[in-house]
>>> print(open('protein13.pdb').read())   # PDB, C-alpha atoms
ATOM      1  CA  GLN D   1     -88.141  56.857 160.011
ATOM      2  CA  VAL D   2     -85.782  54.563 161.891
ATOM      3  CA  GLN D   3     -82.307  55.899 162.606
ATOM      4  CA  LEU D   4     -79.230  54.415 164.195
ATOM      5  CA  VAL D   5     -76.728  56.819 165.710
ATOM      6  CA  GLU D   6     -73.340  55.668 166.943
ATOM      7  CA  SER D   7     -71.103  57.453 169.421
ATOM      8  CA  GLY D   8     -68.077  56.777 171.557
ATOM      9  CA  GLY D   9     -65.354  56.513 168.979
ATOM     10  CA  GLY D  10     -62.086  58.362 169.298
ATOM     11  CA  LEU D  11     -58.339  58.132 169.600
ATOM     12  CA  VAL D  12     -56.831  55.777 172.150
ATOM     13  CA  GLN D  13     -53.421  54.262 172.790
ATOM     14  CA  ALA D  14     -52.807  50.581 172.251
ATOM     15  CA  GLY D  15     -53.972  48.618 175.271
ATOM     16  CA  GLY D  16     -56.651  51.158 176.053
ATOM     17  CA  SER D  17     -60.428  50.912 176.030
ATOM     18  CA  LEU D  18     -63.396  52.533 174.346
ATOM     19  CA  ARG D  19     -67.116  51.993 174.656
ATOM     20  CA  LEU D  20     -69.237  52.450 171.565
ATOM     21  CA  SER D  21     -72.950  53.172 171.815
ATOM     22  CA  CYS D  22     -75.691  52.941 169.226
ATOM     23  CA  VAL D  23     -79.153  54.337 169.842
ATOM     24  CA  VAL D  24     -82.061  53.285 167.658
ATOM     25  CA  SER D  25     -84.765  55.910 167.254
ATOM     26  CA  GLY D  26     -88.053  56.195 165.380
ATOM     27  CA  THR D  27     -91.156  54.048 165.392
ATOM     28  CA  ILE D  28     -90.039  50.666 166.679
ATOM     29  CA  PHE D  29     -92.387  47.694 166.736
ATOM     30  CA  SER D  30     -89.688  45.038 166.747
ATOM     31  CA  LEU D  31     -85.989  45.195 167.598
ATOM     32  CA  ASN D  32     -84.246  41.954 166.810
ATOM     33  CA  LYS D  33     -80.592  41.198 166.154
ATOM     34  CA  MET D  34     -78.173  44.077 166.751
ATOM     35  CA  GLY D  35     -74.517  44.185 165.996
ATOM     36  CA  TRP D  36     -71.300  45.932 165.164
ATOM     37  CA  TYR D  37     -69.253  45.788 161.994
ATOM     38  CA  ARG D  38     -66.162  47.623 160.875
ATOM     39  CA  GLN D  39     -64.691  48.818 157.602
ATOM     40  CA  THR D  40     -61.771  46.886 156.123
ATOM     41  CA  PRO D  41     -58.925  48.526 154.150
ATOM     42  CA  ASP D  42     -60.529  47.271 150.928
ATOM     43  CA  ASP D  43     -63.798  48.959 151.838
ATOM     44  CA  LEU D  44     -65.796  45.952 152.949
ATOM     45  CA  ARG D  45     -67.790  45.668 156.157
ATOM     46  CA  GLU D  46     -66.348  43.094 158.509
ATOM     47  CA  PHE D  47     -68.374  41.348 161.197
ATOM     48  CA  VAL D  48     -67.324  42.191 164.750
ATOM     49  CA  ALA D  49     -70.120  41.083 167.091
ATOM     50  CA  THR D  50     -73.860  40.514 167.241
ATOM     51  CA  ILE D  51     -76.433  40.034 169.955
ATOM     52  CA  THR D  52     -79.900  38.576 169.504
ATOM     53  CA  SER D  53     -83.078  39.755 171.168
ATOM     54  CA  ASP D  54     -82.732  36.966 173.732
ATOM     55  CA  GLY D  55     -79.159  37.916 174.536
ATOM     56  CA  LYS D  56     -77.166  35.375 172.554
ATOM     57  CA  THR D  57     -73.853  36.821 171.484
ATOM     58  CA  ASN D  58     -71.475  36.017 168.670
ATOM     59  CA  TYR D  59     -67.993  37.432 168.148
ATOM     60  CA  ALA D  60     -65.398  37.487 165.435
ATOM     61  CA  ASP D  61     -62.353  35.472 166.447
ATOM     62  CA  PHE D  62     -60.119  38.538 166.393
ATOM     63  CA  VAL D  63     -62.125  40.245 169.184
ATOM     64  CA  LYS D  64     -62.973  37.308 171.420
ATOM     65  CA  GLY D  65     -61.892  37.985 174.973
ATOM     66  CA  ARG D  66     -61.360  41.686 174.280
ATOM     67  CA  PHE D  67     -64.741  43.071 173.143
ATOM     68  CA  THR D  68     -68.143  42.673 174.780
ATOM     69  CA  ILE D  69     -71.477  43.437 173.157
ATOM     70  CA  SER D  70     -74.554  44.237 175.240
ATOM     71  CA  ARG D  71     -77.978  45.786 174.755
ATOM     72  CA  ASP D  72     -80.830  47.421 176.612
ATOM     73  CA  ASP D  73     -84.109  47.197 174.746
ATOM     74  CA  TYR D  74     -85.796  49.704 177.068
ATOM     75  CA  LYS D  75     -83.242  52.232 175.866
ATOM     76  CA  ASN D  76     -83.115  50.841 172.299
ATOM     77  CA  THR D  77     -79.369  50.831 172.683
ATOM     78  CA  VAL D  78     -76.521  48.462 171.917
ATOM     79  CA  TRP D  79     -72.995  48.897 173.228
ATOM     80  CA  LEU D  80     -69.594  47.535 172.306
ATOM     81  CA  GLN D  81     -67.060  47.574 175.106
ATOM     82  CA  MET D  82     -63.622  47.365 173.544
ATOM     83  CA  ASN D  83     -60.668  46.536 175.777
ATOM     84  CA  SER D  84     -57.029  45.775 175.034
ATOM     85  CA  LEU D  85     -57.294  47.694 171.805
ATOM     86  CA  LYS D  86     -54.698  47.110 169.107
ATOM     87  CA  PRO D  87     -53.597  49.356 166.239
ATOM     88  CA  GLU D  88     -55.209  46.883 163.843
ATOM     89  CA  ASP D  89     -58.580  47.646 165.457
ATOM     90  CA  THR D  90     -58.410  51.083 163.855
ATOM     91  CA  SER D  91     -61.448  51.433 161.628
ATOM     92  CA  VAL D  92     -64.864  52.981 161.213
ATOM     93  CA  TYR D  93     -67.296  50.988 163.323
ATOM     94  CA  TYR D  94     -70.893  50.648 162.160
ATOM     95  CA  CYS D  95     -73.964  49.697 164.128
ATOM     96  CA  ASN D  96     -76.469  47.361 162.506
ATOM     97  CA  ALA D  97     -79.930  46.430 163.691
ATOM     98  CA  GLU D  98     -82.944  44.539 162.461
ATOM     99  CA  VAL D  99     -85.799  46.937 163.207
ATOM    100  CA  ASN D 100     -89.372  46.197 162.238
ATOM    101  CA  TRP D 101     -88.061  43.236 160.199
ATOM    102  CA  SER D 102     -85.840  45.483 158.070
ATOM    103  CA  ASP D 103     -82.068  45.975 158.184
ATOM    104  CA  TYR D 104     -80.647  49.365 159.193
ATOM    105  CA  TRP D 105     -77.162  50.803 159.489
ATOM    106  CA  GLY D 106     -75.706  53.756 161.310
ATOM    107  CA  ARG D 107     -73.272  56.188 159.712
ATOM    108  CA  GLY D 108     -70.313  54.902 161.666
ATOM    109  CA  THR D 109     -67.920  56.140 164.307
ATOM    110  CA  GLN D 110     -64.153  56.330 163.867
ATOM    111  CA  VAL D 111     -61.909  54.379 166.212
ATOM    112  CA  THR D 112     -58.191  55.061 166.011
ATOM    113  CA  VAL D 113     -55.690  53.102 168.068
ATOM    114  CA  SER D 114     -52.169  54.490 168.202
ATOM    115  CA  SER D 115     -49.135  52.300 168.793
TER     116      SER D 115
END
>>> encode(input="protein13.pdb", output="structure tokens")
Amino acid sequence: QVQLVESGGGLVQAGGSLRLSCVVSGTIFSLNKMGWYRQTPDDLREFVATITSDGKTNYADFVKGRFTISRDDYKNTVWLQMNSLKPEDTSVYYCNAEVNWSDYWGRGTQVTVSS
């Protein structure tokens, strides 16, 4: 059974930084696109950033220049480095990964940015 487990969330002041991690475990034959999404106030999942298996990255406009996504396939891990955090970045952040040609989600990690 494939599982994604996020960590690294927490409470930080505006302007601060956090680094989210997501570890993929289980029987892994193929690990393709990985990414981060976050919950919106109306309970939708909003795209934040993705990274392909060959390292191509894509970012939502509202995080460009502030967040950096990276991965290590030997560790089956994807990270999201979040700098210059704003109160509007407060949300539950979810890891997503295409594993063995199926789509998986983590349970999320809370990020709270105080003003």
>>> resolve_selection(input="protein13.pdb", expression="the PyMOL selection byres ((chain D and resi 76-78) around 10)", output="list in words")
Leu4, Val5, Glu6, Leu20, Ser21, Cys22, Val23, Val24, Ser25, Ile28, Leu31, Met34, Gly35, Trp36, Thr50, Ile51, Ile69, Ser70, Arg71, Asp72, Asp73, Tyr74, Lys75, Trp79, Leu80, Cys95, Asn96 and Ala97 of chain D
>>> closest_residue(input="protein13.pdb", among="D:Thr27, D:Gln81, D:Ser102, D:Ser114", to="D:Gly8", atoms="only C-alpha atoms")
D:Gln81
>>> residues_around(input="protein13.pdb", residues="D:Val63", least_positions_apart="5", cutoff="10 Å", atoms="all atoms listed in the file", output="NGL selection string")
:D and (48-49 or 68 or 82-85 or 89)
>>> closest_residue(input="protein13.pdb", among="D:Tyr93, D:Arg107, D:Asn100, D:Gln39", to="D:Arg19", atoms="all atoms listed in the file")
D:Tyr93
>>> atom_distance(input="protein13.pdb", atom1="atom CA of D:Leu44", atom2="atom CA of D:Asp103")
17.1 Å
>>> atom_distance(input="protein13.pdb", atom1="atom CA of D:Trp101", atom2="atom CA of D:Phe62")
29.0 Å
>>> atom_distance(input="protein13.pdb", atom1="atom CA of D:Val92", atom2="atom CA of D:Thr112")
8.5 Å
>>> closest_residue(input="protein13.pdb", among="D:Glu46, D:Gly106, D:Gln13, D:Ser30", to="D:Lys86", atoms="only C-alpha atoms")
D:Gln13
>>> closest_residue(input="protein13.pdb", among="D:Ser115, D:Thr40, D:Thr109, D:Ser7", to="D:Tyr94", atoms="only C-alpha atoms")
D:Thr109
>>> axis_aligned_box(input="protein13.pdb", around="stretch 9-13 of chain D", padding_each_side="3 Å", output="lines of an AutoDock Vina configuration file")
center_x = -59.4
center_y = 56.3
center_z = 170.9
size_x = 17.9
size_y = 10.1
size_z = 9.8
>>> build_atoms(input="protein13.pdb", residues="stretch 45-56 of chain D", atoms="all heavy atoms", output="short mmCIF file (atom, residue, chain, number, x, y, z; two decimals), in the frame of the given file")
data_model
loop_
_atom_site.label_atom_id
_atom_site.label_comp_id
_atom_site.auth_asym_id
_atom_site.auth_seq_id
_atom_site.Cartn_x
_atom_site.Cartn_y
_atom_site.Cartn_z
N ARG D 45 -67.38 45.63 154.76
CA ARG D 45 -67.79 45.67 156.16
C ARG D 45 -67.54 44.30 156.77
O ARG D 45 -68.04 43.29 156.29
CB ARG D 45 -69.25 46.07 156.28
CG ARG D 45 -69.39 47.54 155.98
CD ARG D 45 -70.63 48.16 156.49
NE ARG D 45 -70.68 49.55 156.05
CZ ARG D 45 -71.74 50.32 156.13
NH1 ARG D 45 -72.86 49.83 156.63
NH2 ARG D 45 -71.69 51.57 155.73
N GLU D 46 -66.80 44.31 157.85
CA GLU D 46 -66.35 43.09 158.51
C GLU D 46 -67.14 42.89 159.80
O GLU D 46 -67.28 43.82 160.60
CB GLU D 46 -64.85 43.27 158.80
CG GLU D 46 -64.18 42.19 159.55
CD GLU D 46 -62.70 42.49 159.73
OE1 GLU D 46 -62.38 43.58 160.25
OE2 GLU D 46 -61.87 41.64 159.36
N PHE D 47 -67.62 41.69 160.00
CA PHE D 47 -68.37 41.35 161.20
C PHE D 47 -67.49 41.47 162.43
O PHE D 47 -66.36 41.01 162.44
CB PHE D 47 -68.90 39.92 161.07
CG PHE D 47 -69.33 39.28 162.35
CD1 PHE D 47 -70.51 39.67 162.96
CD2 PHE D 47 -68.56 38.30 162.94
CE1 PHE D 47 -70.91 39.09 164.15
CE2 PHE D 47 -68.94 37.71 164.13
CZ PHE D 47 -70.13 38.10 164.74
N VAL D 48 -68.03 42.08 163.47
CA VAL D 48 -67.32 42.19 164.75
C VAL D 48 -68.07 41.41 165.84
O VAL D 48 -67.52 40.53 166.48
CB VAL D 48 -67.16 43.66 165.18
CG1 VAL D 48 -66.54 43.75 166.57
CG2 VAL D 48 -66.33 44.44 164.16
N ALA D 49 -69.34 41.75 166.04
CA ALA D 49 -70.12 41.08 167.09
C ALA D 49 -71.60 41.32 166.86
O ALA D 49 -71.99 42.35 166.30
CB ALA D 49 -69.73 41.61 168.48
N THR D 50 -72.41 40.35 167.27
CA THR D 50 -73.86 40.51 167.24
C THR D 50 -74.46 40.02 168.54
O THR D 50 -73.85 39.23 169.28
CB THR D 50 -74.51 39.75 166.07
OG1 THR D 50 -74.11 38.38 166.14
CG2 THR D 50 -74.13 40.34 164.72
N ILE D 51 -75.68 40.49 168.79
CA ILE D 51 -76.43 40.03 169.96
C ILE D 51 -77.90 39.91 169.55
O ILE D 51 -78.45 40.84 168.94
CB ILE D 51 -76.24 40.99 171.16
CG1 ILE D 51 -76.96 40.44 172.40
CG2 ILE D 51 -76.66 42.41 170.84
CD1 ILE D 51 -76.56 41.15 173.69
N THR D 52 -78.51 38.80 169.87
CA THR D 52 -79.90 38.58 169.50
C THR D 52 -80.82 39.19 170.55
O THR D 52 -80.38 39.65 171.61
CB THR D 52 -80.20 37.08 169.39
OG1 THR D 52 -80.02 36.47 170.68
CG2 THR D 52 -79.28 36.41 168.39
N SER D 53 -82.10 39.17 170.26
CA SER D 53 -83.08 39.76 171.17
C SER D 53 -83.16 38.99 172.49
O SER D 53 -83.59 39.55 173.50
CB SER D 53 -84.45 39.82 170.52
OG SER D 53 -84.84 38.53 170.08
N ASP D 54 -82.75 37.73 172.47
CA ASP D 54 -82.73 36.97 173.73
C ASP D 54 -81.34 36.90 174.34
O ASP D 54 -81.09 36.09 175.24
CB ASP D 54 -83.32 35.56 173.54
CG ASP D 54 -82.59 34.76 172.49
OD1 ASP D 54 -81.68 35.31 171.84
OD2 ASP D 54 -82.94 33.58 172.30
N GLY D 55 -80.45 37.75 173.87
CA GLY D 55 -79.16 37.92 174.54
C GLY D 55 -78.03 37.02 174.08
O GLY D 55 -76.94 37.05 174.67
N LYS D 56 -78.25 36.23 173.04
CA LYS D 56 -77.17 35.38 172.55
C LYS D 56 -76.16 36.22 171.78
O LYS D 56 -76.55 37.00 170.91
CB LYS D 56 -77.72 34.27 171.67
CG LYS D 56 -78.57 33.26 172.43
CD LYS D 56 -79.10 32.17 171.51
CE LYS D 56 -80.02 31.22 172.27
NZ LYS D 56 -80.64 30.21 171.39
#
